[in-house]
file input.tsv (TSV, C-alpha atoms and all ligand atoms)
chain	number	residue	atom	x	y	z
M	503	MET	CA	0.97	20.27	-17.17
M	504	SER	CA	-2.15	20.62	-15.11
M	505	ARG	CA	-1.70	21.42	-11.46
M	506	ILE	CA	-3.49	21.13	-8.14
M	507	LEU	CA	-4.05	24.42	-6.35
M	508	VAL	CA	-3.34	23.98	-2.63
M	509	THR	CA	-4.69	26.93	-0.64
M	510	GLY	CA	-3.17	27.16	2.82
M	511	GLY	CA	-0.37	24.94	1.53
M	512	ALA	CA	2.13	26.28	4.08
M	513	GLY	CA	-0.03	25.22	7.03
M	514	PHE	CA	0.33	22.08	9.10
M	515	ILE	CA	-1.91	19.79	7.05
M	516	GLY	CA	-1.37	21.69	3.79
M	517	SER	CA	2.42	21.32	3.88
M	518	HIS	CA	2.27	17.58	4.57
M	519	THR	CA	-0.27	17.22	1.77
M	520	CYS	CA	2.17	18.94	-0.61
M	521	VAL	CA	4.73	16.24	0.21
M	522	ALA	CA	2.15	13.49	-0.38
M	523	LEU	CA	1.11	15.07	-3.69
M	524	ASP	CA	4.73	15.22	-4.79
M	525	GLU	CA	5.28	11.58	-3.85
M	526	ALA	CA	2.20	10.60	-5.85
M	527	GLY	CA	3.48	12.49	-8.91
M	528	TYR	CA	1.02	15.40	-8.80
M	529	GLU	CA	2.17	18.92	-9.73
M	530	TYR	CA	0.82	21.63	-7.50
M	531	VAL	CA	0.94	25.31	-6.69
M	532	VAL	CA	0.66	26.76	-3.18
M	533	VAL	CA	-1.28	29.85	-2.15
M	534	ASP	CA	-0.82	31.07	1.42
M	535	ASP	CA	-0.86	34.48	3.09
M	536	TYR	CA	1.37	33.24	5.93
M	537	SER	CA	-1.02	34.70	8.48
M	538	ASN	CA	-0.70	31.51	10.52
M	539	SER	CA	2.35	29.93	8.89
M	540	LYS	CA	5.81	30.94	7.73
M	541	PRO	CA	7.40	31.35	4.27
M	542	GLU	CA	10.18	29.13	5.64
M	543	VAL	CA	7.78	26.20	5.11
M	544	ILE	CA	8.32	26.57	1.36
M	545	ASN	CA	12.12	26.26	1.81
M	546	ARG	CA	11.58	23.12	3.83
M	547	LEU	CA	9.22	21.69	1.20
M	548	ASN	CA	11.80	22.46	-1.50
M	549	LYS	CA	14.34	20.55	0.52
M	550	ILE	CA	12.10	17.53	1.10
M	551	THR	CA	10.88	17.31	-2.49
M	552	ASN	CA	14.09	18.54	-4.12
M	553	LYS	CA	12.00	20.87	-6.28
M	554	ASP	CA	11.27	24.57	-6.52
M	555	ILE	CA	7.68	24.81	-5.47
M	556	ILE	CA	5.54	27.48	-7.10
M	557	SER	CA	4.02	29.56	-4.31
M	558	TYR	CA	2.08	32.79	-4.02
M	559	ASP	CA	1.79	35.04	-0.99
M	560	ILE	CA	-1.91	35.78	-1.40
M	561	ASN	CA	-4.94	35.92	0.86
M	562	CYS	CA	-7.68	33.78	-0.70
M	563	CYS	CA	-10.27	36.49	-0.04
M	564	ASP	CA	-8.42	38.75	-2.51
M	565	LYS	CA	-10.20	37.75	-5.69
M	566	ASP	CA	-8.15	39.84	-8.12
M	567	LYS	CA	-4.85	38.47	-6.86
M	568	LEU	CA	-6.16	34.93	-6.68
M	569	ARG	CA	-7.49	35.20	-10.25
M	570	LYS	CA	-3.89	35.71	-11.40
M	571	VAL	CA	-3.01	32.29	-9.99
M	572	PHE	CA	-5.79	30.73	-12.03
M	573	GLU	CA	-4.64	32.65	-15.12
M	574	GLU	CA	-1.00	31.72	-14.73
M	575	ASN	CA	-1.52	28.02	-14.00
M	576	ASP	CA	-3.49	25.27	-15.66
M	577	ILE	CA	-5.41	24.28	-12.53
M	578	ASP	CA	-7.17	20.93	-12.60
M	579	ALA	CA	-8.40	20.70	-9.00
M	580	VAL	CA	-8.34	22.68	-5.77
M	581	ILE	CA	-7.59	21.47	-2.25
M	582	HIS	CA	-8.84	24.22	0.04
M	583	PHE	CA	-7.13	24.36	3.44
M	584	ALA	CA	-6.88	28.13	3.89
M	585	GLY	CA	-8.81	29.21	6.96
M	586	PHE	CA	-8.59	30.24	10.59
M	587	LYS	CA	-8.62	27.23	12.90
M	588	ALA	CA	-8.19	28.12	16.56
M	589	VAL	CA	-11.31	27.01	18.40
M	590	GLY	CA	-10.83	29.32	21.43
M	591	GLU	CA	-9.95	32.35	19.32
M	592	SER	CA	-13.06	31.81	17.19
M	593	VAL	CA	-15.19	32.34	20.30
M	594	SER	CA	-13.48	35.70	20.98
M	595	ILE	CA	-13.49	37.02	17.40
M	596	PRO	CA	-16.37	35.22	15.67
M	597	VAL	CA	-16.94	37.82	12.96
M	598	ASP	CA	-13.34	37.52	11.77
M	599	TYR	CA	-13.78	33.75	11.57
M	600	TYR	CA	-17.01	33.89	9.61
M	601	ARG	CA	-15.67	36.63	7.31
M	602	ASN	CA	-12.37	34.92	6.59
M	603	ASN	CA	-13.39	31.28	6.34
M	604	LEU	CA	-16.59	31.81	4.36
M	605	ASP	CA	-15.17	34.56	2.17
M	606	SER	CA	-12.08	32.59	1.18
M	607	LEU	CA	-14.15	29.53	0.29
M	608	LEU	CA	-16.65	31.59	-1.73
M	609	THR	CA	-13.86	33.39	-3.56
M	610	VAL	CA	-12.18	30.12	-4.47
M	611	VAL	CA	-15.45	28.63	-5.65
M	612	GLU	CA	-16.38	31.68	-7.76
M	613	LEU	CA	-13.01	31.51	-9.48
M	614	MET	CA	-13.39	27.78	-10.03
M	615	ARG	CA	-16.71	28.47	-11.75
M	616	GLU	CA	-15.14	31.27	-13.80
M	617	PHE	CA	-12.28	29.02	-14.95
M	618	LYS	CA	-14.47	25.91	-15.34
M	619	ILE	CA	-12.59	23.90	-12.75
M	620	ASN	CA	-14.86	21.32	-11.22
M	621	LYS	CA	-12.88	19.35	-8.65
M	622	LEU	CA	-12.70	20.58	-5.07
M	623	ILE	CA	-11.50	18.92	-1.89
M	624	PHE	CA	-12.46	20.71	1.29
M	625	SER	CA	-10.75	20.44	4.62
M	626	SER	CA	-13.66	19.80	6.98
M	627	SER	CA	-13.65	18.48	10.51
M	628	ALA	CA	-15.23	15.90	12.77
M	629	THR	CA	-16.41	18.93	14.71
M	630	VAL	CA	-19.47	18.99	12.38
M	631	TYR	CA	-20.79	15.91	14.23
M	632	GLY	CA	-21.23	18.20	17.24
M	633	ASN	CA	-21.68	16.89	20.73
M	634	SER	CA	-23.47	13.64	19.92
M	635	LYS	CA	-22.63	10.67	22.15
M	636	ASP	CA	-23.20	8.22	19.35
M	637	VAL	CA	-19.68	6.98	18.54
M	638	PRO	CA	-18.16	6.03	16.21
M	639	PHE	CA	-19.11	8.99	14.01
M	640	THR	CA	-19.86	7.70	10.54
M	641	GLU	CA	-20.52	9.79	7.44
M	642	GLU	CA	-24.21	8.96	7.94
M	643	SER	CA	-24.27	10.29	11.52
M	644	PRO	CA	-26.46	13.37	11.83
M	645	LEU	CA	-24.61	16.66	11.87
M	646	GLY	CA	-24.74	18.13	15.33
M	647	THR	CA	-24.69	21.50	17.01
M	648	CYS	CA	-21.22	23.00	16.97
M	649	THR	CA	-19.87	24.49	20.15
M	650	ASN	CA	-17.85	27.32	18.60
M	651	PRO	CA	-17.77	29.62	15.52
M	652	TYR	CA	-14.79	27.77	14.01
M	653	GLY	CA	-16.89	24.58	13.97
M	654	TRP	CA	-19.84	26.45	12.52
M	655	THR	CA	-17.70	27.74	9.62
M	656	LYS	CA	-16.91	24.11	8.72
M	657	TRP	CA	-20.56	23.18	9.07
M	658	MET	CA	-21.70	26.14	6.92
M	659	ILE	CA	-19.11	25.51	4.24
M	660	GLU	CA	-20.22	21.88	4.02
M	661	GLN	CA	-23.75	23.18	3.42
M	662	ILE	CA	-22.59	25.70	0.81
M	663	LEU	CA	-20.67	23.01	-1.06
M	664	THR	CA	-23.58	20.58	-0.84
M	665	ASP	CA	-25.84	23.21	-2.43
M	666	LEU	CA	-23.18	23.97	-5.03
M	667	ALA	CA	-22.90	20.33	-6.07
M	668	LYS	CA	-26.70	20.15	-6.34
M	669	ALA	CA	-26.94	23.25	-8.50
M	670	TYR	CA	-24.06	22.35	-10.84
M	671	PRO	CA	-24.06	18.62	-11.61
M	672	GLU	CA	-20.62	18.80	-13.23
M	673	MET	CA	-19.05	19.86	-9.93
M	674	ASN	CA	-17.19	17.24	-7.89
M	675	VAL	CA	-16.84	18.07	-4.22
M	676	VAL	CA	-15.17	15.97	-1.55
M	677	LEU	CA	-15.66	16.91	2.09
M	678	LEU	CA	-12.96	15.35	4.24
M	679	ARG	CA	-13.82	15.26	7.92
M	680	TYR	CA	-10.59	15.13	9.85
M	681	PHE	CA	-10.37	13.73	13.34
M	682	ASN	CA	-7.31	14.86	15.38
M	683	PRO	CA	-4.25	15.43	13.14
M	684	VAL	CA	-0.91	15.10	14.94
M	685	GLY	CA	2.67	14.02	14.26
M	686	ALA	CA	5.08	15.39	11.70
M	687	HIS	CA	7.05	14.40	8.62
M	688	LYS	CA	9.85	11.90	9.28
M	689	SER	CA	12.49	14.36	8.06
M	690	GLY	CA	11.86	16.59	11.07
M	691	LEU	CA	11.73	19.51	8.61
M	692	ILE	CA	7.99	20.24	8.71
M	693	GLY	CA	5.49	19.97	11.53
M	694	GLU	CA	2.92	21.84	13.56
M	695	ASP	CA	4.02	25.36	14.50
M	696	PRO	CA	1.20	26.97	16.48
M	697	GLN	CA	1.45	30.73	16.89
M	698	GLY	CA	0.93	31.87	20.48
M	699	ILE	CA	-0.26	29.51	23.18
M	700	PRO	CA	-1.37	26.21	21.64
M	701	ASN	CA	-4.87	24.86	22.25
M	702	ASN	CA	-4.34	21.29	21.18
M	703	LEU	CA	-3.06	18.37	23.15
M	704	PHE	CA	0.00	17.32	21.13
M	705	PRO	CA	1.77	20.71	20.92
M	706	ASN	CA	1.15	21.12	24.63
M	707	VAL	CA	2.45	17.67	25.53
M	708	ALA	CA	5.56	18.41	23.47
M	709	ARG	CA	6.07	21.70	25.35
M	710	ALA	CA	5.61	20.02	28.71
M	711	ALA	CA	8.09	17.35	27.58
M	712	ASP	CA	10.82	19.82	26.58
M	713	GLY	CA	10.35	22.01	29.63
M	714	ARG	CA	8.90	25.10	27.93
M	715	MET	CA	5.74	24.41	29.86
M	716	LYS	CA	6.01	23.42	33.51
M	717	GLU	CA	3.40	20.70	33.15
M	718	LEU	CA	0.63	19.58	30.89
M	719	LYS	CA	-2.80	20.57	32.10
M	720	VAL	CA	-5.13	17.59	31.74
M	721	PHE	CA	-8.59	19.04	31.23
M	722	GLY	CA	-10.79	16.73	33.28
M	723	ALA	CA	-10.17	13.21	34.65
M	724	ASP	CA	-13.76	12.62	35.74
M	725	TYR	CA	-15.33	11.72	32.39
M	726	ASP	CA	-17.22	8.49	31.91
M	727	THR	CA	-14.27	6.80	30.17
M	728	PRO	CA	-11.99	3.99	31.41
M	729	ASP	CA	-9.36	6.33	32.90
M	730	GLY	CA	-11.59	9.38	33.27
M	731	THR	CA	-9.90	11.47	30.53
M	732	CYS	CA	-11.34	12.29	27.08
M	733	ILE	CA	-10.79	9.95	24.17
M	734	ARG	CA	-9.89	11.17	20.67
M	735	ASP	CA	-9.01	9.64	17.33
M	736	TYR	CA	-5.48	10.95	16.70
M	737	ILE	CA	-4.36	10.52	13.11
M	738	HIS	CA	-0.81	10.97	11.83
M	739	VAL	CA	-0.68	14.02	9.56
M	740	CYS	CA	1.18	12.00	6.89
M	741	ASP	CA	-1.68	9.48	6.81
M	742	LEU	CA	-4.13	12.36	6.63
M	743	ALA	CA	-2.13	13.90	3.78
M	744	GLU	CA	-2.27	10.62	1.86
M	745	GLY	CA	-6.06	10.69	2.31
M	746	HIS	CA	-6.11	13.81	0.12
M	747	VAL	CA	-4.24	12.01	-2.63
M	748	LYS	CA	-6.77	9.16	-2.40
M	749	ALA	CA	-9.57	11.71	-2.67
M	750	LEU	CA	-8.00	13.25	-5.79
M	751	ASP	CA	-7.60	9.83	-7.40
M	752	TYR	CA	-11.23	9.11	-6.51
M	753	LEU	CA	-12.44	12.34	-8.11
M	754	ALA	CA	-10.69	11.43	-11.33
M	755	THR	CA	-13.24	8.60	-11.66
M	756	LYS	CA	-16.32	10.78	-11.01
M	757	ASN	CA	-18.52	12.90	-13.21
M	758	GLY	CA	-20.05	15.16	-10.62
M	759	GLY	CA	-21.41	14.84	-7.12
M	760	ARG	CA	-20.72	15.56	-3.49
M	761	PHE	CA	-18.82	12.95	-1.50
M	762	VAL	CA	-18.01	12.89	2.18
M	763	PHE	CA	-15.36	10.87	4.00
M	764	ASN	CA	-14.02	10.63	7.50
M	765	LEU	CA	-10.25	10.65	7.86
M	766	GLY	CA	-9.43	8.98	11.15
M	767	THR	CA	-7.95	5.72	12.41
M	768	GLY	CA	-11.09	4.33	14.02
M	769	HIS	CA	-9.22	3.99	17.35
M	770	GLY	CA	-9.43	6.32	20.30
M	771	TYR	CA	-6.75	7.18	22.86
M	772	SER	CA	-7.30	8.91	26.17
M	773	VAL	CA	-5.28	11.94	27.30
M	774	PHE	CA	-3.47	9.75	29.84
M	775	GLU	CA	-2.65	7.19	27.13
M	776	VAL	CA	-1.20	9.96	24.96
M	777	ILE	CA	0.92	11.19	27.87
M	778	LYS	CA	2.20	7.65	28.40
M	779	ALA	CA	3.07	7.16	24.72
M	780	PHE	CA	4.75	10.55	24.56
M	781	SER	CA	6.76	9.84	27.71
M	782	LYS	CA	8.06	6.71	26.00
M	783	ALA	CA	8.96	8.67	22.85
M	784	CYS	CA	10.84	11.44	24.66
M	785	GLY	CA	12.47	9.15	27.22
M	786	HIS	CA	11.11	10.73	30.38
M	787	GLU	CA	7.82	11.22	32.20
M	788	VAL	CA	5.84	14.19	30.85
M	789	PRO	CA	4.82	16.24	33.90
M	790	ASN	CA	1.08	16.73	34.12
M	791	VAL	CA	-1.61	17.98	36.44
M	792	VAL	CA	-5.34	17.32	36.40
M	793	MET	CA	-7.45	20.47	35.99
M	794	PRO	CA	-11.20	21.05	35.70
M	795	ARG	CA	-12.91	20.10	32.44
M	796	ARG	CA	-12.51	22.41	29.44
M	797	PRO	CA	-15.87	23.80	28.29
M	798	GLY	CA	-17.12	22.28	25.03
M	799	ASP	CA	-15.13	19.02	25.19
M	800	ILE	CA	-17.00	15.82	24.46
M	801	PRO	CA	-15.94	12.63	26.30
M	802	VAL	CA	-15.37	10.34	23.32
M	803	CYS	CA	-14.83	10.97	19.62
M	804	TYR	CA	-13.55	8.53	17.02
M	805	ALA	CA	-14.17	7.81	13.38
M	806	GLY	CA	-16.13	5.16	11.60
M	807	THR	CA	-13.64	4.22	8.88
M	808	GLU	CA	-15.54	1.67	6.75
M	809	LYS	CA	-16.63	4.10	4.05
M	810	SER	CA	-13.22	5.69	3.47
M	811	LEU	CA	-11.68	2.21	3.37
M	812	ARG	CA	-14.28	0.86	0.97
M	813	GLU	CA	-14.52	3.80	-1.43
M	814	LEU	CA	-11.15	5.54	-1.17
M	815	GLY	CA	-9.05	2.56	-0.14
M	816	PHE	CA	-7.84	4.74	2.74
M	817	VAL	CA	-6.17	3.23	5.80
M	818	ALA	CA	-4.25	5.18	8.44
M	819	ASN	CA	-1.19	3.01	9.04
M	820	ARG	CA	0.85	4.99	11.53
M	821	GLY	CA	0.24	4.24	15.19
M	822	ILE	CA	0.34	6.33	18.37
M	823	ASP	CA	4.04	5.61	19.05
M	824	GLU	CA	5.01	6.89	15.62
M	825	MET	CA	2.82	9.96	16.09
M	826	CYS	CA	4.63	10.76	19.35
M	827	GLU	CA	8.13	9.99	18.02
M	828	ASP	CA	7.65	12.17	14.93
M	829	THR	CA	6.19	15.04	16.96
M	830	TRP	CA	9.15	14.81	19.32
M	831	ARG	CA	11.70	14.80	16.48
M	832	TRP	CA	10.10	17.88	14.93
M	833	GLN	CA	9.97	19.58	18.32
M	834	THR	CA	13.59	18.85	19.30
M	835	ASN	CA	14.94	19.78	15.86
M	836	ASN	CA	12.91	23.02	15.79
M	837	PRO	CA	12.35	24.23	19.34
M	838	ASN	CA	11.21	27.58	17.92
M	839	GLY	CA	9.26	26.09	15.03
M	840	TYR	CA	10.01	27.67	11.65
M	841	ASP	CA	11.91	30.52	13.30
M	842	ASP	CA	14.85	28.12	13.52
M	843	ALA	CA	17.29	28.07	10.64
M	844	ILE	CA	16.99	25.24	8.17
M	845	LEU	CA	18.90	22.15	9.28
M	901	LIG	N1	-6.37	18.55	26.28
M	901	LIG	C1	-5.76	18.60	27.51
M	901	LIG	N2	-4.78	19.51	27.71
M	901	LIG	C2	-4.40	20.40	26.75
M	901	LIG	C3	-5.02	20.35	25.47
M	901	LIG	C4	-6.02	19.41	25.28
M	901	LIG	O1	-6.09	17.83	28.42
M	901	LIG	O2	-3.50	21.22	27.01
M	901	LIG	C5	-7.41	17.53	26.04
M	901	LIG	C6	-8.74	18.13	25.67
M	901	LIG	O3	-9.47	18.48	26.80
M	901	LIG	C7	-9.34	16.98	24.88
M	901	LIG	C8	-8.14	16.31	24.21
M	901	LIG	O4	-7.01	16.74	24.95
M	901	LIG	O5	-9.91	16.07	25.75
M	901	LIG	C9	-7.97	16.73	22.76
M	901	LIG	O6	-7.98	18.13	22.68
M	901	LIG	P1	-7.52	18.93	21.38
M	901	LIG	O7	-7.68	20.38	21.66
M	901	LIG	O8	-6.17	18.46	20.94
M	901	LIG	O9	-8.53	18.43	20.26
M	901	LIG	P2	-10.12	18.54	20.18
M	901	LIG	O10	-10.62	17.15	20.03
M	901	LIG	O11	-10.70	19.36	21.23
M	901	LIG	O12	-10.31	19.37	18.83
M	901	LIG	C10	-9.80	18.89	17.62
M	901	LIG	C11	-9.36	20.04	16.75
M	901	LIG	C12	-10.50	20.86	16.28
M	901	LIG	C13	-11.55	19.99	15.67
M	901	LIG	C14	-11.91	18.84	16.55
M	901	LIG	C15	-12.75	17.89	15.76
M	901	LIG	O13	-8.47	20.89	17.44
M	901	LIG	O14	-10.04	21.75	15.27
M	901	LIG	O15	-10.75	18.14	16.97
M	901	LIG	O16	-13.21	16.85	16.47
M	901	LIG	F1	-12.64	20.73	15.42

call {"tool": "encode", "arguments": {"input": "input.tsv", "output": "C-alpha cells"}}
result
Amino acid sequence: MSRILVTGGAGFIGSHTCVALDEAGYEYVVVDDYSNSKPEVINRLNKITNKDIISYDINCCDKDKLRKVFEENDIDAVIHFAGFKAVGESVSIPVDYYRNNLDSLLTVVELMREFKINKLIFSSSATVYGNSKDVPFTEESPLGTCTNPYGWTKWMIEQILTDLAKAYPEMNVVLLRYFNPVGAHKSGLIGEDPQGIPNNLFPNVARAADGRMKELKVFGADYDTPDGTCIRDYIHVCDLAEGHVKALDYLATKNGGRFVFNLGTGHGYSVFEVIKAFSKACGHEVPNVVMPRRPGDIPVCYAGTEKSLRELGFVANRGIDEMCEDTWRWQTNNPNGYDDAIL
C-alpha cells in the first residue's frame, strides 16, 4: 500500500498530523532525527492509533540514509515538517538554520525527483507575510520582509518550491502557511514539548500556570490594539493537522501546480485574552507581569480564511477555551514533557 512520508513526524505539528492521517485512513511512515523531539512520541502515537508506526531515526539532510526510506516504502506523497523552528535561536546561529532547513528540503525534493514522487506538502508559516500592517493576511497578500533567519528559510523554501513547480509541471506542491499552532491532542498523550526555555506564548502561559515559571512576561501592553497587547490567530494543532489531510485530498484531484493556503481561524486573540482563557482552563489566575516589547513582534496578525474554506473545505472548529483546556491537560499529565513515563 502506498504511504505518506512524514518528515519531522515526531514534532509538535508532525505528531498531531500523524494522528489525523491515521483517522483519515492514510498509511504513513515517519522520519525524524529526534534533534528537537523524543522517540517516546512514537510510543504515544502507537498508543493513540493502536498501530505500530513505521519510523526511521534519520536526519533528512543525510541523502543516502533517506534514500533507503524511499526504497523500502512505496511513497505516494511527502509532508515535510523537518526543520529548526526557534525564532530567537535562528538569530544566534543563522548558518545552522539555513544549512539545515534548506538542505533537508533540497534533499527531500531531489529524492522525490529520483523516485518520481510528485506530491509535496510544505510546512510554511504566516511569518512569510513579514511585518505588513495589512490584516487579515490572505494568500494574495504580498510576501514581506522577515525579521529573522528562521522566517527567511520559510520564505526561501517557498521560492524554491515555486520554481520547482514551474520547471516540472507534473509536480504538485502545497504551501501551508500556519498561523499560531497551540493546544494538544485530547488524549493528553502528545503535545508541545519545547526543549530549553520556550519562546512561544502558550508553553510559557502553561509554565506560569503550573508554577514552574514565577509569572508570564507579557511583552508589551502599549500596542495600538484594544487592550494594548499583541493579537494573534491561535489555531488548535488538531485543526491544523486536519488541514494537512484536506491538502492531501486536494492534491489527489490535481495534475500539477503550486497551491498556497493559510491555516488559521480568522480570529485574533490578544495576550491578555489568552491569559484570561487559560486562567479559566486551569482554575486559577495565571500570574503575569508587563515587560517592554519584544523586538520583531507585529501588533496584529490573523488569517484570511476564505480561500482555504472554498478550495480545501477547511474550517478550524476548536475555540480558544478548548485550546487552553487541551494544553493544560497535556501539561498536567506530562509536567516534564516526553521525559515522563507513558500514562
Ligand atoms: N508573548 C508574550 N510572552 C511570552 C511569549 C510570547 O507576551 O512569554 C507574546 C508575544 O510578544 C506575541 C504573542 O505572545 O505578542 C505571540 O508570541 P509567540 O512567540 O507565541 O508567536 P509569534 O506570533 O511571535 O510567532 C509565531 C511562531 C513563529 C511563526 C509566527 C508566524 O512562533 O514560528 O508565529 O506568524 F513564524

call {"tool": "atom_distance", "arguments": {"input": "input.tsv", "atom1": "atom CA of M:Phe514", "atom2": "atom CA of M:Leu811"}}
result
23.9 Å

call {"tool": "closest_atom_pairs", "arguments": {"input": "input.tsv", "of": "chain M", "to": "ligand LIG 901 (chain M)", "cutoff": "7 Å", "atoms": "all atoms listed in the file", "output": "tab-separated table"}}
result
residue	atom	partner	partner_atom	distance
M:Lys587	CA	M:LIG901	O14	6.1
M:Ala588	CA	M:LIG901	O14	6.8
M:Val589	CA	M:LIG901	O14	6.3
M:Ser627	CA	M:LIG901	C15	5.4
M:Ala628	CA	M:LIG901	O16	4.3
M:Thr629	CA	M:LIG901	C15	3.9
M:Gly653	CA	M:LIG901	F1	5.9
M:Tyr680	CA	M:LIG901	C15	6.9
M:Phe681	CA	M:LIG901	O16	5.3
M:Asn682	CA	M:LIG901	O15	5.0
M:Asn701	CA	M:LIG901	O7	5.3
M:Asn702	CA	M:LIG901	O8	3.4
M:Leu703	CA	M:LIG901	C3	3.6
M:Phe704	CA	M:LIG901	O8	6.3
M:Asn706	CA	M:LIG901	O2	5.2
M:Leu718	CA	M:LIG901	O2	5.9
M:Lys719	CA	M:LIG901	N2	4.9
M:Val720	CA	M:LIG901	O1	3.5
M:Phe721	CA	M:LIG901	O1	4.0
M:Gly722	CA	M:LIG901	O3	6.8
M:Thr731	CA	M:LIG901	O5	6.6
M:Cys732	CA	M:LIG901	O5	4.3
M:Ile733	CA	M:LIG901	O5	6.4
M:Arg734	CA	M:LIG901	O10	6.1
M:Val773	CA	M:LIG901	O4	5.6
M:Arg795	CA	M:LIG901	O3	6.8
M:Arg796	CA	M:LIG901	O3	5.6
M:Asp799	CA	M:LIG901	O3	5.9
M:Pro801	CA	M:LIG901	O5	7.0
M:Cys803	CA	M:LIG901	O16	6.9

call {"tool": "atom_distance", "arguments": {"input": "input.tsv", "atom1": "atom CA of M:Ala667", "atom2": "atom CA of M:Glu573"}}
result
23.8 Å

call {"tool": "closest_residue", "arguments": {"input": "input.tsv", "among": "M:Gly698, M:Pro638, M:Gly513, M:Gly632", "to": "M:Val739", "atoms": "all atoms listed in the file"}}
result
M:Gly513

call {"tool": "closest_residue", "arguments": {"input": "input.tsv", "among": "M:His786, M:Lys756, M:His746, M:His687", "to": "M:Arg820", "atoms": "all atoms listed in the file"}}
result
M:His687

call {"tool": "residues_around", "arguments": {"input": "input.tsv", "residues": "M:Asn552", "least_positions_apart": "6", "cutoff": "12 Å", "atoms": "all atoms listed in the file", "output": "list in words"}}
result
Val521, Asp524, Glu525, Ile544, Asn545 and Arg546 of chain M

call {"tool": "atom_distance", "arguments": {"input": "input.tsv", "atom1": "atom CA of M:Ser772", "atom2": "atom CA of M:Pro728"}}
result
8.6 Å

call {"tool": "residues_near_point", "arguments": {"input": "input.tsv", "point": "(10.5, 12.5, 9.6)", "cutoff": "9 Å", "atoms": "all atoms listed in the file", "output": "PyMOL selection string"}}
result
chain M and resi 686-692+828-829+831-832

call {"tool": "residues_around", "arguments": {"input": "input.tsv", "residues": "M:Asp741", "least_positions_apart": "4", "cutoff": "8 Å", "atoms": "all atoms listed in the file", "output": "list in words"}}
result
Ile737, Gly745, Val817, Ala818, Asn819 and Arg820 of chain M

call {"tool": "write_last_selection", "arguments": {"input": "input.tsv", "atoms": "C-alpha atoms", "output": "PDB file, in the frame of the given file"}}
result
ATOM      1  CA  ILE M 737      -4.360  10.520  13.110  1.00  0.00           C
ATOM      2  CA  GLY M 745      -6.060  10.690   2.310  1.00  0.00           C
ATOM      3  CA  VAL M 817      -6.170   3.230   5.800  1.00  0.00           C
ATOM      4  CA  ALA M 818      -4.250   5.180   8.440  1.00  0.00           C
ATOM      5  CA  ASN M 819      -1.190   3.010   9.040  1.00  0.00           C
ATOM      6  CA  ARG M 820       0.850   4.990  11.530  1.00  0.00           C
TER       7      ARG M 820
END

call {"tool": "residues_near_point", "arguments": {"input": "input.tsv", "point": "(9.2, 28.7, 13.9)", "cutoff": "12 Å", "atoms": "all atoms listed in the file", "output": "list in words"}}
result
Asn538, Ser539, Lys540, Pro541, Glu542, Val543, Arg546, Leu691, Ile692, Gly693, Glu694, Asp695, Pro696, Gln697, Gly698, Trp832, Gln833, Asn835, Asn836, Pro837, Asn838, Gly839, Tyr840, Asp841, Asp842, Ala843 and Ile844 of chain M

call {"tool": "residues_around", "arguments": {"input": "input.tsv", "residues": "M:Ile619", "least_positions_apart": "4", "cutoff": "8 Å", "atoms": "all atoms listed in the file", "output": "JSON, numbers by chain"}}
result
{"M": [577, 578, 579, 614, 615]}
